[in-house]
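Listing of work20.txt, compact mmCIF, C-alpha atoms
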```txt
# COMPACT_ATOMS: atom_id res chain seq x y z
CA MET A 1 2.08 -0.66 -23.07
CA ARG A 2 3.60 1.92 -25.32
CA SER A 3 6.18 0.78 -27.74
CA PRO A 4 9.27 2.89 -28.39
CA ALA A 5 8.08 3.28 -31.98
CA ARG A 6 4.77 4.77 -30.86
CA GLU A 7 6.52 7.12 -28.51
CA ALA A 8 8.78 8.26 -31.31
CA ILE A 9 5.72 8.95 -33.47
CA GLU A 10 4.02 10.88 -30.68
CA ARG A 11 7.13 12.93 -30.08
CA GLU A 12 7.36 13.80 -33.73
CA LEU A 13 3.66 14.69 -33.93
CA ARG A 14 4.10 17.04 -30.98
CA LEU A 15 7.16 18.66 -32.54
CA GLY A 16 5.37 19.01 -35.87
CA ALA A 17 2.32 20.53 -34.18
CA VAL A 18 4.21 23.46 -32.69
CA PRO A 19 2.65 26.62 -34.18
CA SER A 20 4.74 28.07 -36.97
CA PRO A 21 4.87 31.83 -37.61
CA ALA A 22 3.42 31.27 -41.08
CA ARG A 23 0.38 29.42 -39.68
CA SER A 24 -0.15 32.06 -37.01
CA GLU A 25 -0.11 34.77 -39.66
CA GLN A 26 -2.68 32.89 -41.72
CA ALA A 27 -4.86 32.45 -38.65
CA ALA A 28 -4.59 36.14 -37.78
CA ALA A 29 -5.53 37.13 -41.34
CA ALA A 30 -8.48 34.72 -41.33
CA ALA A 31 -9.63 36.15 -38.00
CA GLU A 32 -9.45 39.67 -39.41
CA ARG A 33 -11.58 38.73 -42.42
CA LEU A 34 -13.99 37.05 -40.03
CA VAL A 35 -14.39 40.15 -37.88
CA GLU A 36 -15.00 42.31 -40.95
CA ARG A 37 -17.75 39.95 -42.03
CA ILE A 38 -19.25 39.87 -38.53
CA ALA A 39 -19.31 43.66 -38.43
CA ALA A 40 -20.68 44.05 -41.96
CA ASP A 41 -23.47 41.54 -41.32
CA GLY A 42 -24.38 43.11 -37.98
CA LEU A 43 -23.77 39.87 -36.08
CA ALA A 44 -21.99 41.50 -33.14
CA ASP A 45 -23.74 43.54 -30.45
CA ILE A 46 -20.79 45.85 -29.81
CA ALA A 47 -17.83 47.00 -31.91
CA TYR A 48 -14.84 48.77 -30.38
CA ALA A 49 -11.58 50.31 -31.50
CA THR A 50 -8.76 52.50 -30.29
CA LEU A 51 -8.56 56.03 -31.70
CA ASP A 52 -5.72 58.55 -31.57
CA SER A 53 -6.37 61.96 -30.05
CA PRO A 54 -4.47 64.90 -28.56
CA LEU A 55 -5.56 63.54 -25.16
CA GLY A 56 -3.85 60.22 -25.86
CA GLU A 57 -5.47 57.03 -27.05
CA LEU A 58 -9.23 56.81 -26.70
CA HIS A 59 -11.09 53.49 -26.63
CA ALA A 60 -14.55 53.82 -28.12
CA ALA A 61 -17.43 51.36 -28.45
CA VAL A 62 -20.67 51.45 -30.45
CA THR A 63 -23.83 49.34 -30.31
CA ARG A 64 -26.62 49.20 -32.89
CA ARG A 65 -28.12 52.22 -31.12
CA GLY A 66 -25.03 54.37 -31.16
CA LEU A 67 -21.94 55.40 -29.23
CA VAL A 68 -22.07 53.70 -25.84
CA ARG A 69 -18.64 54.20 -24.27
CA ILE A 70 -15.44 56.20 -24.48
CA GLY A 71 -12.49 55.33 -22.24
CA PHE A 72 -9.20 57.14 -21.78
CA ALA A 73 -5.89 55.38 -22.40
CA GLU A 74 -5.30 54.33 -18.77
CA GLU A 75 -8.36 52.12 -18.85
CA GLY A 76 -6.96 49.82 -21.52
CA SER A 77 -8.97 48.45 -24.41
CA ASP A 78 -9.06 44.88 -23.05
CA GLU A 79 -10.48 46.14 -19.77
CA LEU A 80 -13.07 48.20 -21.61
CA ALA A 81 -14.12 45.18 -23.70
CA GLN A 82 -14.30 43.11 -20.52
CA GLU A 83 -16.47 45.69 -18.79
CA LEU A 84 -18.87 45.88 -21.76
CA ALA A 85 -19.01 42.08 -22.00
CA GLN A 86 -20.10 41.96 -18.37
CA ARG A 87 -22.56 44.82 -18.49
CA LEU A 88 -24.05 44.66 -22.01
CA SER A 89 -23.09 41.72 -24.20
CA ALA A 90 -20.15 39.37 -24.67
CA ARG A 91 -20.72 39.58 -28.45
CA ILE A 92 -18.12 42.30 -28.80
CA VAL A 93 -15.47 42.55 -31.55
CA ARG A 94 -12.59 44.86 -32.42
CA ALA A 95 -13.84 46.39 -35.68
CA PRO A 96 -12.19 49.77 -36.39
CA ARG A 97 -14.34 50.45 -39.46
CA MET A 98 -17.50 50.45 -37.37
CA LEU A 99 -16.05 53.37 -35.45
CA ASP A 100 -15.42 55.52 -38.56
CA PRO A 101 -18.22 58.05 -37.86
CA VAL A 102 -17.06 58.44 -34.25
CA ARG A 103 -13.46 58.86 -35.34
CA ARG A 104 -14.46 61.49 -37.91
CA GLU A 105 -16.50 63.65 -35.52
CA LEU A 106 -13.86 63.45 -32.79
CA GLU A 107 -11.12 64.45 -35.24
CA GLU A 108 -13.17 67.46 -36.34
CA TYR A 109 -13.83 68.37 -32.71
CA PHE A 110 -10.16 68.18 -31.77
CA ALA A 111 -9.25 70.22 -34.87
CA GLY A 112 -11.62 72.93 -33.62
CA SER A 113 -13.94 72.67 -36.61
CA ARG A 114 -16.82 70.91 -34.82
CA THR A 115 -18.70 72.49 -31.93
CA ARG A 116 -21.47 69.91 -31.56
CA PHE A 117 -21.61 66.17 -31.99
CA GLU A 118 -24.27 64.62 -34.17
CA LEU A 119 -23.52 61.02 -33.23
CA GLU A 120 -26.36 58.81 -32.03
CA LEU A 121 -25.81 57.87 -28.40
CA ASP A 122 -26.71 54.67 -26.58
CA TRP A 123 -27.74 55.61 -23.01
CA THR A 124 -28.06 52.03 -21.78
CA LEU A 125 -25.12 52.27 -19.36
CA ILE A 126 -26.54 55.40 -17.75
CA GLY A 127 -28.91 55.02 -14.80
CA PRO A 128 -32.15 57.07 -14.43
CA PHE A 129 -30.76 59.85 -12.24
CA ALA A 130 -27.48 60.09 -14.14
CA ARG A 131 -29.56 60.31 -17.31
CA LEU A 132 -31.26 63.48 -16.06
CA VAL A 133 -27.93 65.01 -15.08
CA LEU A 134 -26.10 64.02 -18.27
CA ALA A 135 -28.99 65.12 -20.51
CA ARG A 136 -28.72 68.60 -18.95
CA THR A 137 -24.95 68.42 -19.33
CA ALA A 138 -25.25 67.55 -22.99
CA ALA A 139 -27.20 70.79 -23.48
CA ILE A 140 -24.37 73.06 -22.20
CA PRO A 141 -23.11 74.83 -25.33
CA TYR A 142 -19.53 74.57 -26.62
CA GLY A 143 -17.32 77.25 -25.10
CA SER A 144 -19.43 77.82 -21.98
CA HIS A 145 -19.73 76.05 -18.64
CA SER A 146 -22.10 75.36 -15.78
CA SER A 147 -21.79 74.36 -12.11
CA TYR A 148 -22.61 71.18 -10.20
CA GLY A 149 -25.33 73.06 -8.28
CA GLU A 150 -26.97 74.43 -11.43
CA ILE A 151 -26.99 71.04 -13.12
CA ALA A 152 -28.43 69.43 -9.98
CA ALA A 153 -31.19 72.03 -9.82
CA GLN A 154 -32.02 71.60 -13.52
CA ALA A 155 -32.13 67.84 -13.05
CA GLY A 156 -34.63 68.42 -10.24
CA SER A 157 -32.29 66.80 -7.75
CA PRO A 158 -33.14 67.00 -4.09
CA ARG A 159 -29.75 65.46 -3.47
CA GLY A 160 -27.88 68.45 -4.72
CA ALA A 161 -24.50 69.11 -6.16
CA ARG A 162 -22.71 66.07 -4.72
CA ALA A 163 -25.15 63.64 -6.34
CA ALA A 164 -24.78 65.50 -9.62
CA GLY A 165 -21.00 65.24 -9.24
CA ASN A 166 -21.25 61.46 -8.80
CA ALA A 167 -23.48 61.17 -11.84
CA LEU A 168 -21.01 63.21 -13.89
CA GLY A 169 -18.13 61.09 -12.57
CA SER A 170 -19.83 57.97 -13.91
CA ASN A 171 -20.29 59.47 -17.40
CA PRO A 172 -19.54 56.55 -19.75
CA ILE A 173 -19.19 58.82 -22.81
CA PRO A 174 -16.86 61.66 -21.80
CA ILE A 175 -15.97 64.41 -24.33
CA VAL A 176 -19.13 63.70 -26.39
CA ILE A 177 -21.34 64.16 -23.32
CA PRO A 178 -19.35 67.21 -22.17
CA CYS A 179 -19.07 66.67 -18.42
CA HIS A 180 -15.85 68.72 -18.62
CA ARG A 181 -18.11 71.81 -18.95
CA VAL A 182 -19.32 71.44 -15.35
CA LEU A 183 -17.17 73.34 -12.82
CA HIS A 184 -17.28 74.36 -9.18
CA SER A 185 -19.49 77.40 -8.66
CA GLY A 186 -16.55 79.14 -6.93
CA GLY A 187 -14.59 78.95 -10.18
CA GLY A 188 -12.48 75.86 -9.40
CA LEU A 189 -12.25 73.15 -12.02
CA GLY A 190 -13.89 70.48 -9.87
CA GLY A 191 -13.16 66.86 -10.76
CA TYR A 192 -12.76 64.81 -13.93
CA GLY A 193 -12.66 61.07 -14.54
CA GLY A 194 -9.91 61.52 -17.11
CA GLY A 195 -7.82 63.76 -14.83
CA LEU A 196 -7.91 67.54 -14.39
CA GLU A 197 -5.21 68.09 -16.99
CA ARG A 198 -7.50 66.75 -19.67
CA LYS A 199 -10.43 68.77 -18.36
CA ARG A 200 -8.36 71.96 -18.55
CA TRP A 201 -7.14 71.03 -22.04
CA LEU A 202 -10.70 70.53 -23.31
CA LEU A 203 -11.92 73.79 -21.80
CA GLU A 204 -9.00 75.63 -23.36
CA LEU A 205 -9.68 74.05 -26.73
CA GLU A 206 -13.24 75.37 -26.48
CA GLY A 207 -12.03 78.80 -25.35
CA ALA A 208 -14.03 78.51 -22.12
CA LEU A 209 -11.15 79.36 -19.74
CA GLN A 210 -10.33 83.03 -19.71
CA MET B 1 -18.37 56.83 -4.97
CA SER B 2 -21.11 55.15 -6.93
CA ILE B 3 -21.27 51.50 -7.91
CA SER B 4 -21.17 52.41 -11.57
CA ARG B 5 -17.90 54.20 -10.98
CA PHE B 6 -16.42 51.00 -9.59
CA ARG B 7 -17.85 49.06 -12.49
CA ALA B 8 -16.38 51.44 -14.97
CA ARG B 9 -13.00 50.64 -13.50
CA GLY B 10 -13.56 46.92 -13.76
CA VAL B 11 -13.33 46.34 -10.02
CA LEU B 12 -16.51 44.29 -10.02
CA ARG B 13 -15.09 41.96 -12.64
CA ALA B 14 -13.50 39.84 -9.93
CA VAL B 15 -16.81 39.05 -8.27
CA SER B 16 -19.07 38.77 -11.31
CA HIS B 17 -18.51 35.77 -13.56
CA SER B 18 -21.90 35.58 -15.19
CA ALA B 19 -20.75 36.26 -18.74
CA PRO B 20 -18.12 34.60 -20.94
CA PRO B 21 -15.07 36.73 -21.86
CA PRO B 22 -15.42 39.25 -24.72
CA PHE B 23 -15.84 37.39 -28.02
CA GLN B 24 -12.77 39.19 -29.37
CA ALA B 25 -10.62 37.81 -26.54
CA PHE B 26 -12.03 34.33 -27.18
CA LEU B 27 -11.21 34.67 -30.89
CA ASP B 28 -7.68 35.97 -30.25
CA GLU B 29 -7.08 33.11 -27.84
CA ASN B 30 -8.38 30.29 -30.06
CA ARG B 31 -7.88 31.33 -33.67
CA ASP B 32 -4.48 29.61 -33.97
CA VAL B 33 -5.54 26.23 -32.67
CA VAL B 34 -8.77 26.20 -34.69
CA TRP B 35 -6.94 27.22 -37.86
CA ARG B 36 -4.30 24.53 -37.47
CA TYR B 37 -6.87 21.91 -36.59
CA LEU B 38 -8.86 22.74 -39.74
CA VAL B 39 -5.84 22.84 -42.03
CA SER B 40 -4.86 19.38 -40.78
CA THR B 41 -8.34 17.91 -41.21
CA VAL B 42 -9.91 19.57 -44.28
CA GLY B 43 -6.78 20.92 -45.93
CA ALA B 44 -5.59 24.44 -46.64
CA GLY B 45 -8.12 24.90 -49.46
CA GLU B 46 -11.22 24.59 -47.28
CA ALA B 47 -9.84 25.77 -43.96
CA GLU B 48 -10.89 29.37 -44.57
CA ASP B 49 -14.60 28.61 -45.09
CA CYS B 50 -14.69 26.19 -42.17
CA PHE B 51 -12.90 28.71 -39.97
CA GLN B 52 -15.43 31.43 -40.75
CA GLU B 53 -18.39 29.11 -40.23
CA THR B 54 -16.97 27.78 -36.98
CA PHE B 55 -16.60 31.19 -35.40
CA ILE B 56 -19.89 32.54 -36.80
CA SER B 57 -21.68 29.58 -35.18
CA ALA B 58 -19.74 30.21 -31.98
CA LEU B 59 -20.76 33.87 -32.05
CA ARG B 60 -24.44 33.00 -32.42
CA ALA B 61 -24.36 30.60 -29.47
CA TYR B 62 -21.96 32.73 -27.43
CA PRO B 63 -24.33 34.56 -25.03
CA ARG B 64 -25.79 31.24 -23.84
CA LEU B 65 -22.38 29.98 -22.75
CA ARG B 66 -21.43 29.66 -19.13
CA ALA B 67 -18.40 31.68 -18.13
CA ASP B 68 -16.59 28.64 -16.78
CA SER B 69 -17.00 26.52 -19.94
CA ASN B 70 -13.92 24.99 -21.51
CA LEU B 71 -13.98 27.36 -24.47
CA ARG B 72 -11.20 25.66 -26.43
CA ALA B 73 -12.88 22.26 -26.27
CA TRP B 74 -16.19 23.88 -27.15
CA VAL B 75 -14.98 25.73 -30.25
CA LEU B 76 -13.07 22.65 -31.46
CA THR B 77 -16.28 20.65 -31.18
CA ILE B 78 -17.89 23.15 -33.53
CA ALA B 79 -14.83 23.09 -35.81
CA HIS B 80 -14.99 19.31 -35.95
CA ARG B 81 -18.64 19.44 -37.08
CA LYS B 82 -17.81 21.99 -39.76
CA ALA B 83 -14.97 19.76 -40.96
CA ILE B 84 -17.36 16.80 -41.22
CA ASP B 85 -19.84 18.97 -43.13
CA ALA B 86 -17.06 19.97 -45.50
CA HIS B 87 -16.18 16.33 -46.16
CA ARG B 88 -19.84 15.49 -46.82
CA GLY B 89 -20.23 18.53 -49.04
CA ARG B 90 -17.20 17.52 -51.01
CA ALA B 91 -18.55 14.00 -51.47
CA ARG B 92 -21.99 15.34 -52.48
CA ARG B 93 -20.59 17.74 -55.01
CA ALA B 94 -18.81 14.78 -56.60
CA LEU B 95 -16.13 16.76 -58.32
CA PRO B 96 -14.89 15.49 -61.64
CA LEU B 97 -11.75 13.44 -61.15
CA ALA B 98 -9.47 16.01 -62.69
CA GLU B 99 -10.61 18.61 -60.17
CA ILE B 100 -10.10 16.26 -57.27
CA ASP B 101 -6.57 15.67 -58.45
CA ALA B 102 -6.00 19.40 -58.69
CA LEU B 103 -7.41 19.91 -55.20
CA ASP B 104 -5.32 17.11 -53.75
CA ALA B 105 -2.26 18.50 -55.41
CA ARG B 106 -2.94 21.92 -53.92
CA VAL B 107 -3.59 20.49 -50.48
CA ALA B 108 -0.54 18.28 -50.69
CA ASN B 109 1.54 21.23 -51.72
CA GLY B 110 2.54 22.36 -48.29
CA PRO B 111 2.80 20.67 -44.96
CA GLN B 112 -0.55 20.46 -43.20
CA GLY B 113 -1.83 21.62 -39.76
CA GLY B 114 1.24 20.36 -38.14
CA GLU B 115 4.36 20.60 -40.21
CA GLY B 116 6.27 17.89 -42.00
CA GLU B 117 5.96 14.45 -43.57
CA LEU B 118 4.24 12.80 -40.65
CA TRP B 119 1.51 15.40 -40.59
CA ARG B 120 0.95 14.87 -44.29
CA ALA B 121 0.30 11.23 -43.44
CA VAL B 122 -2.19 12.37 -40.79
CA GLY B 123 -4.15 14.06 -43.57
CA GLU B 124 -4.62 10.68 -45.22
CA LEU B 125 -6.11 8.94 -42.18
CA PRO B 126 -9.86 8.18 -42.10
CA PRO B 127 -11.77 11.25 -40.79
CA ARG B 128 -12.37 10.12 -37.23
CA GLN B 129 -8.79 8.97 -36.66
CA ARG B 130 -7.50 12.13 -38.28
CA SER B 131 -9.70 14.26 -35.99
CA ALA B 132 -8.62 12.31 -32.93
CA VAL B 133 -4.93 12.73 -33.76
CA ALA B 134 -5.31 16.42 -34.58
CA LEU B 135 -7.36 17.14 -31.45
CA ARG B 136 -4.82 15.31 -29.32
CA PHE B 137 -1.61 16.73 -30.72
CA ILE B 138 -2.56 20.10 -32.20
CA ALA B 139 -5.28 21.13 -29.77
CA ASP B 140 -3.83 19.19 -26.83
CA LEU B 141 -7.28 18.05 -25.74
CA ALA B 142 -7.80 15.35 -23.11
CA HIS B 143 -9.44 12.07 -24.20
CA ARG B 144 -12.68 13.14 -22.57
CA ASP B 145 -12.79 16.38 -24.61
CA ILE B 146 -11.81 14.58 -27.82
CA ALA B 147 -14.73 12.19 -27.22
CA HIS B 148 -17.05 15.14 -26.68
CA ALA B 149 -15.85 16.90 -29.84
CA ILE B 150 -16.16 13.83 -32.04
CA GLY B 151 -19.41 12.79 -30.40
CA CYS B 152 -18.40 9.33 -29.20
CA SER B 153 -17.49 7.55 -25.97
CA GLU B 154 -14.17 8.20 -24.31
CA GLU B 155 -13.23 4.61 -25.03
CA ALA B 156 -14.02 5.02 -28.73
CA ALA B 157 -11.98 8.21 -28.86
CA ARG B 158 -9.05 6.43 -27.26
CA ARG B 159 -9.41 3.65 -29.82
CA SER B 160 -9.54 6.03 -32.80
CA LEU B 161 -6.43 7.75 -31.53
CA HIS B 162 -4.68 4.41 -31.01
CA GLU B 163 -5.64 3.12 -34.46
CA GLY B 164 -4.57 6.36 -36.06
CA LEU B 165 -1.19 6.20 -34.40
CA ALA B 166 -0.77 2.54 -35.37
CA LYS B 167 -1.51 3.41 -38.98
CA LEU B 168 1.00 6.25 -38.91
CA ARG B 169 3.61 3.94 -37.47
CA ALA B 170 3.04 1.39 -40.23
CA GLN B 171 3.26 4.13 -42.82
CA VAL B 172 6.48 5.52 -41.43
CA ALA B 173 7.98 2.03 -41.24
CA ALA B 174 7.03 1.34 -44.88
```

Step by step, read the file and then write its structure as structure tokens.
Amino acid sequence: MRSPAREAIERELRLGAVPSPARSEQAAAAAERLVERIAADGLADIAYATLDSPLGELHAAVTRRGLVRIGFAEEGSDELAQELAQRLSARIVRAPRMLDPVRRELEEYFAGSRTRFELELDWTLIGPFARLVLARTAAIPYGSHSSYGEIAAQAGSPRGARAAGNALGSNPIPIVIPCHRVLHSGGGLGGYGGGLERKRWLLELEGALQ
Amino acid sequence: MSISRFRARGVLRAVSHSAPPPFQAFLDENRDVVWRYLVSTVGAGEAEDCFQETFISALRAYPRLRADSNLRAWVLTIAHRKAIDAHRGRARRALPLAEIDALDARVANGPQGGEGELWRAVGELPPRQRSAVALRFIADLAHRDIAHAIGCSEEAARRSLHEGLAKLRAQVAA
């Protein structure tokens, strides 16, 4: 049997336990210090952050091996973290500082002062066939372009241009692996995971569309 | 369209539940309740260290977790152990009296995990009763999960909670 006095106490405990803004701020600050320590000590498997770019927000993720994923704004950073937790490791934290080198090279690229990326890449998310296709793609120089058929042939693909197109469509590191430099042989833009407007924008930035 | 294309869009998420959620999402979701639990049990002065150690331990064990685990109960179990360690450490260090007074004064300075007089009285309960009360009212855990966190039977957890509440009532009446 509960006495009225005990119920009064319980009610007051509940009221007093409602989170206050001050406590929430302290908890958020403590969590931020925690994540910095986790990142600095290399305790997480993946760090991600959202970067600004002329193409809108970009969500980028790095592992100990290197840059593993870039997603365009529509994908959402929570969704990207979720995907990486499923496919690679759930030990993933939002640690903007860990993305500093990626941010720097992308900024230089978008400013037109960088024509090749020197970032280490992590190819783990890329299957064997896509790896052949994307390795060839990574070799297309800034300012020029290739076709799906050419890339397929270079990758030694018996499956041809369509298979190469699928591999390019699954590129987990767009912009840095420049799948936007692969066009239809007839001169059409072809497809792009981030939308054709972005593909055109990138090609114009590189002076490849005349 | 290839499987990886679907994956990249998160479509497969609905059918694949093999991994726990991203650690960041788990941290965002539970940082408040863990922080308030620790402030109410070890005090504001030691909450920071316990908080860091709790989540670092959670991070180390994280990949072995099942996706359908009760993550809040799990992390509070870890937090409870860190709080106990902190109490033991404090006893072992045997601070000079003056320092203990200073620490108590600092801890007593503001309201604890919960807010207000009553929660200050919670801070003075014996550790197990204090944990039971905090886990019940701050973390909103069921008796079964409180028992698991404290490492005792459900009946013992119920008793600690009951005794804690009785003590609070006596204190308020006094």

12 Å contact set for Gly193 of chain A, all atoms listed in the file, chain neighbours under 2 positions out, as a ChimeraX atom specification = /A:70-75,165-175,178-180,190-191,195-199 /B:1,5-6,8-9

Residues of chain A within 8 Å of chain B, using all atoms listed in the file, as a compact mmCIF listing (two decimals) with C-alpha atoms, in the frame of the given file?
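Okay, this is what ended up in out_23.txt:
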```txt
# COMPACT_ATOMS: atom_id res chain seq x y z
CA ALA A 5 8.08 3.28 -31.98
CA ARG A 6 4.77 4.77 -30.86
CA ILE A 9 5.72 8.95 -33.47
CA GLU A 10 4.02 10.88 -30.68
CA GLU A 12 7.36 13.80 -33.73
CA LEU A 13 3.66 14.69 -33.93
CA ARG A 14 4.10 17.04 -30.98
CA GLY A 16 5.37 19.01 -35.87
CA ALA A 17 2.32 20.53 -34.18
CA VAL A 18 4.21 23.46 -32.69
CA PRO A 19 2.65 26.62 -34.18
CA ARG A 23 0.38 29.42 -39.68
CA SER A 24 -0.15 32.06 -37.01
CA ALA A 27 -4.86 32.45 -38.65
CA ALA A 28 -4.59 36.14 -37.78
CA ALA A 30 -8.48 34.72 -41.33
CA ALA A 31 -9.63 36.15 -38.00
CA LEU A 34 -13.99 37.05 -40.03
CA ILE A 38 -19.25 39.87 -38.53
CA LEU A 43 -23.77 39.87 -36.08
CA ALA A 44 -21.99 41.50 -33.14
CA GLU A 75 -8.36 52.12 -18.85
CA GLU A 79 -10.48 46.14 -19.77
CA LEU A 80 -13.07 48.20 -21.61
CA ALA A 81 -14.12 45.18 -23.70
CA GLN A 82 -14.30 43.11 -20.52
CA GLU A 83 -16.47 45.69 -18.79
CA ALA A 85 -19.01 42.08 -22.00
CA GLN A 86 -20.10 41.96 -18.37
CA SER A 89 -23.09 41.72 -24.20
CA ALA A 90 -20.15 39.37 -24.67
CA ARG A 91 -20.72 39.58 -28.45
CA ILE A 92 -18.12 42.30 -28.80
CA VAL A 93 -15.47 42.55 -31.55
CA ARG A 94 -12.59 44.86 -32.42
CA ASN A 166 -21.25 61.46 -8.80
CA GLY A 169 -18.13 61.09 -12.57
CA SER A 170 -19.83 57.97 -13.91
CA PRO A 172 -19.54 56.55 -19.75
```

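Ranking B:Leu38, B:Leu71, B:Ala121, B:Ala44 by their shortest atom-to-atom distance to Leu135 of chain B, with only C-alpha atoms included, puts B:Leu38 first.
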
For Ala208 of chain A, list every protein, DNA or RNA residue within 9 Å, evaluated using all atoms listed in the file, and leave out those in the same chain fewer than 2 positions away; present the list as a PyMOL selection string.
-> chain A and resi 142-145+181+202-206+210

Straight-line distance linking atom CA of Asn70 of chain B with atom CA of Ala61 of chain A, stated in Å to one decimal | 27.5 Å

Point (-12.7, 63.6, -35.9) neighbourhood (12 Å, all atoms listed in the file) written as number ranges by chain | A: 51-54, 58, 99-119, 176

Can you give me N, CA and C atoms for segment 9-28 of chain A, written as an mmCIF file, keeping the file's coordinate frame?
```cif
data_model
loop_
_atom_site.group_PDB
_atom_site.id
_atom_site.type_symbol
_atom_site.label_atom_id
_atom_site.label_comp_id
_atom_site.auth_asym_id
_atom_site.auth_seq_id
_atom_site.Cartn_x
_atom_site.Cartn_y
_atom_site.Cartn_z
ATOM 1 N N ILE A 9 6.741 8.323 -32.619
ATOM 2 C CA ILE A 9 5.720 8.950 -33.470
ATOM 3 C C ILE A 9 5.061 10.115 -32.711
ATOM 4 N N GLU A 10 4.695 9.834 -31.460
ATOM 5 C CA GLU A 10 4.020 10.880 -30.680
ATOM 6 C C GLU A 10 4.912 12.093 -30.497
ATOM 7 N N ARG A 11 6.188 11.825 -30.276
ATOM 8 C CA ARG A 11 7.130 12.930 -30.080
ATOM 9 C C ARG A 11 7.179 13.778 -31.347
ATOM 10 N N GLU A 12 7.248 13.078 -32.463
ATOM 11 C CA GLU A 12 7.360 13.800 -33.730
ATOM 12 C C GLU A 12 6.080 14.577 -34.054
ATOM 13 N N LEU A 13 4.929 13.977 -33.713
ATOM 14 C CA LEU A 13 3.660 14.690 -33.930
ATOM 15 C C LEU A 13 3.633 15.969 -33.099
ATOM 16 N N ARG A 14 4.085 15.855 -31.859
ATOM 17 C CA ARG A 14 4.100 17.040 -30.980
ATOM 18 C C ARG A 14 5.012 18.121 -31.548
ATOM 19 N N LEU A 15 6.207 17.684 -31.984
ATOM 20 C CA LEU A 15 7.160 18.660 -32.540
ATOM 21 C C LEU A 15 6.560 19.330 -33.770
ATOM 22 N N GLY A 16 5.937 18.492 -34.623
ATOM 23 C CA GLY A 16 5.370 19.010 -35.870
ATOM 24 C C GLY A 16 4.147 19.876 -35.644
ATOM 25 N N ALA A 17 3.553 19.784 -34.449
ATOM 26 C CA ALA A 17 2.320 20.530 -34.180
ATOM 27 C C ALA A 17 2.602 21.878 -33.527
ATOM 28 N N VAL A 18 3.873 22.151 -33.269
ATOM 29 C CA VAL A 18 4.210 23.460 -32.690
ATOM 30 C C VAL A 18 3.822 24.539 -33.692
ATOM 31 N N PRO A 19 3.118 25.588 -33.238
ATOM 32 C CA PRO A 19 2.650 26.620 -34.180
ATOM 33 C C PRO A 19 3.822 27.264 -34.905
ATOM 34 N N SER A 20 3.702 27.378 -36.212
ATOM 35 C CA SER A 20 4.740 28.070 -36.970
ATOM 36 C C SER A 20 4.282 29.506 -37.194
ATOM 37 N N PRO A 21 5.238 30.429 -37.363
ATOM 38 C CA PRO A 21 4.870 31.830 -37.610
ATOM 39 C C PRO A 21 3.964 31.978 -38.819
ATOM 40 N N ALA A 22 4.227 31.169 -39.858
ATOM 41 C CA ALA A 22 3.420 31.270 -41.080
ATOM 42 C C ALA A 22 1.959 30.922 -40.777
ATOM 43 N N ARG A 23 1.744 29.817 -40.038
ATOM 44 C CA ARG A 23 0.380 29.420 -39.680
ATOM 45 C C ARG A 23 -0.307 30.479 -38.828
ATOM 46 N N SER A 24 0.436 31.036 -37.888
ATOM 47 C CA SER A 24 -0.150 32.060 -37.010
ATOM 48 C C SER A 24 -0.570 33.276 -37.811
ATOM 49 N N GLU A 25 0.250 33.630 -38.802
ATOM 50 C CA GLU A 25 -0.110 34.770 -39.660
ATOM 51 C C GLU A 25 -1.383 34.486 -40.440
ATOM 52 N N GLN A 26 -1.469 33.261 -40.988
ATOM 53 C CA GLN A 26 -2.680 32.890 -41.720
ATOM 54 C C GLN A 26 -3.901 32.954 -40.817
ATOM 55 N N ALA A 27 -3.740 32.457 -39.592
ATOM 56 C CA ALA A 27 -4.860 32.450 -38.650
ATOM 57 C C ALA A 27 -5.275 33.876 -38.302
ATOM 58 N N ALA A 28 -4.286 34.744 -38.121
ATOM 59 C CA ALA A 28 -4.590 36.140 -37.780
ATOM 60 C C ALA A 28 -5.330 36.811 -38.938
#
```
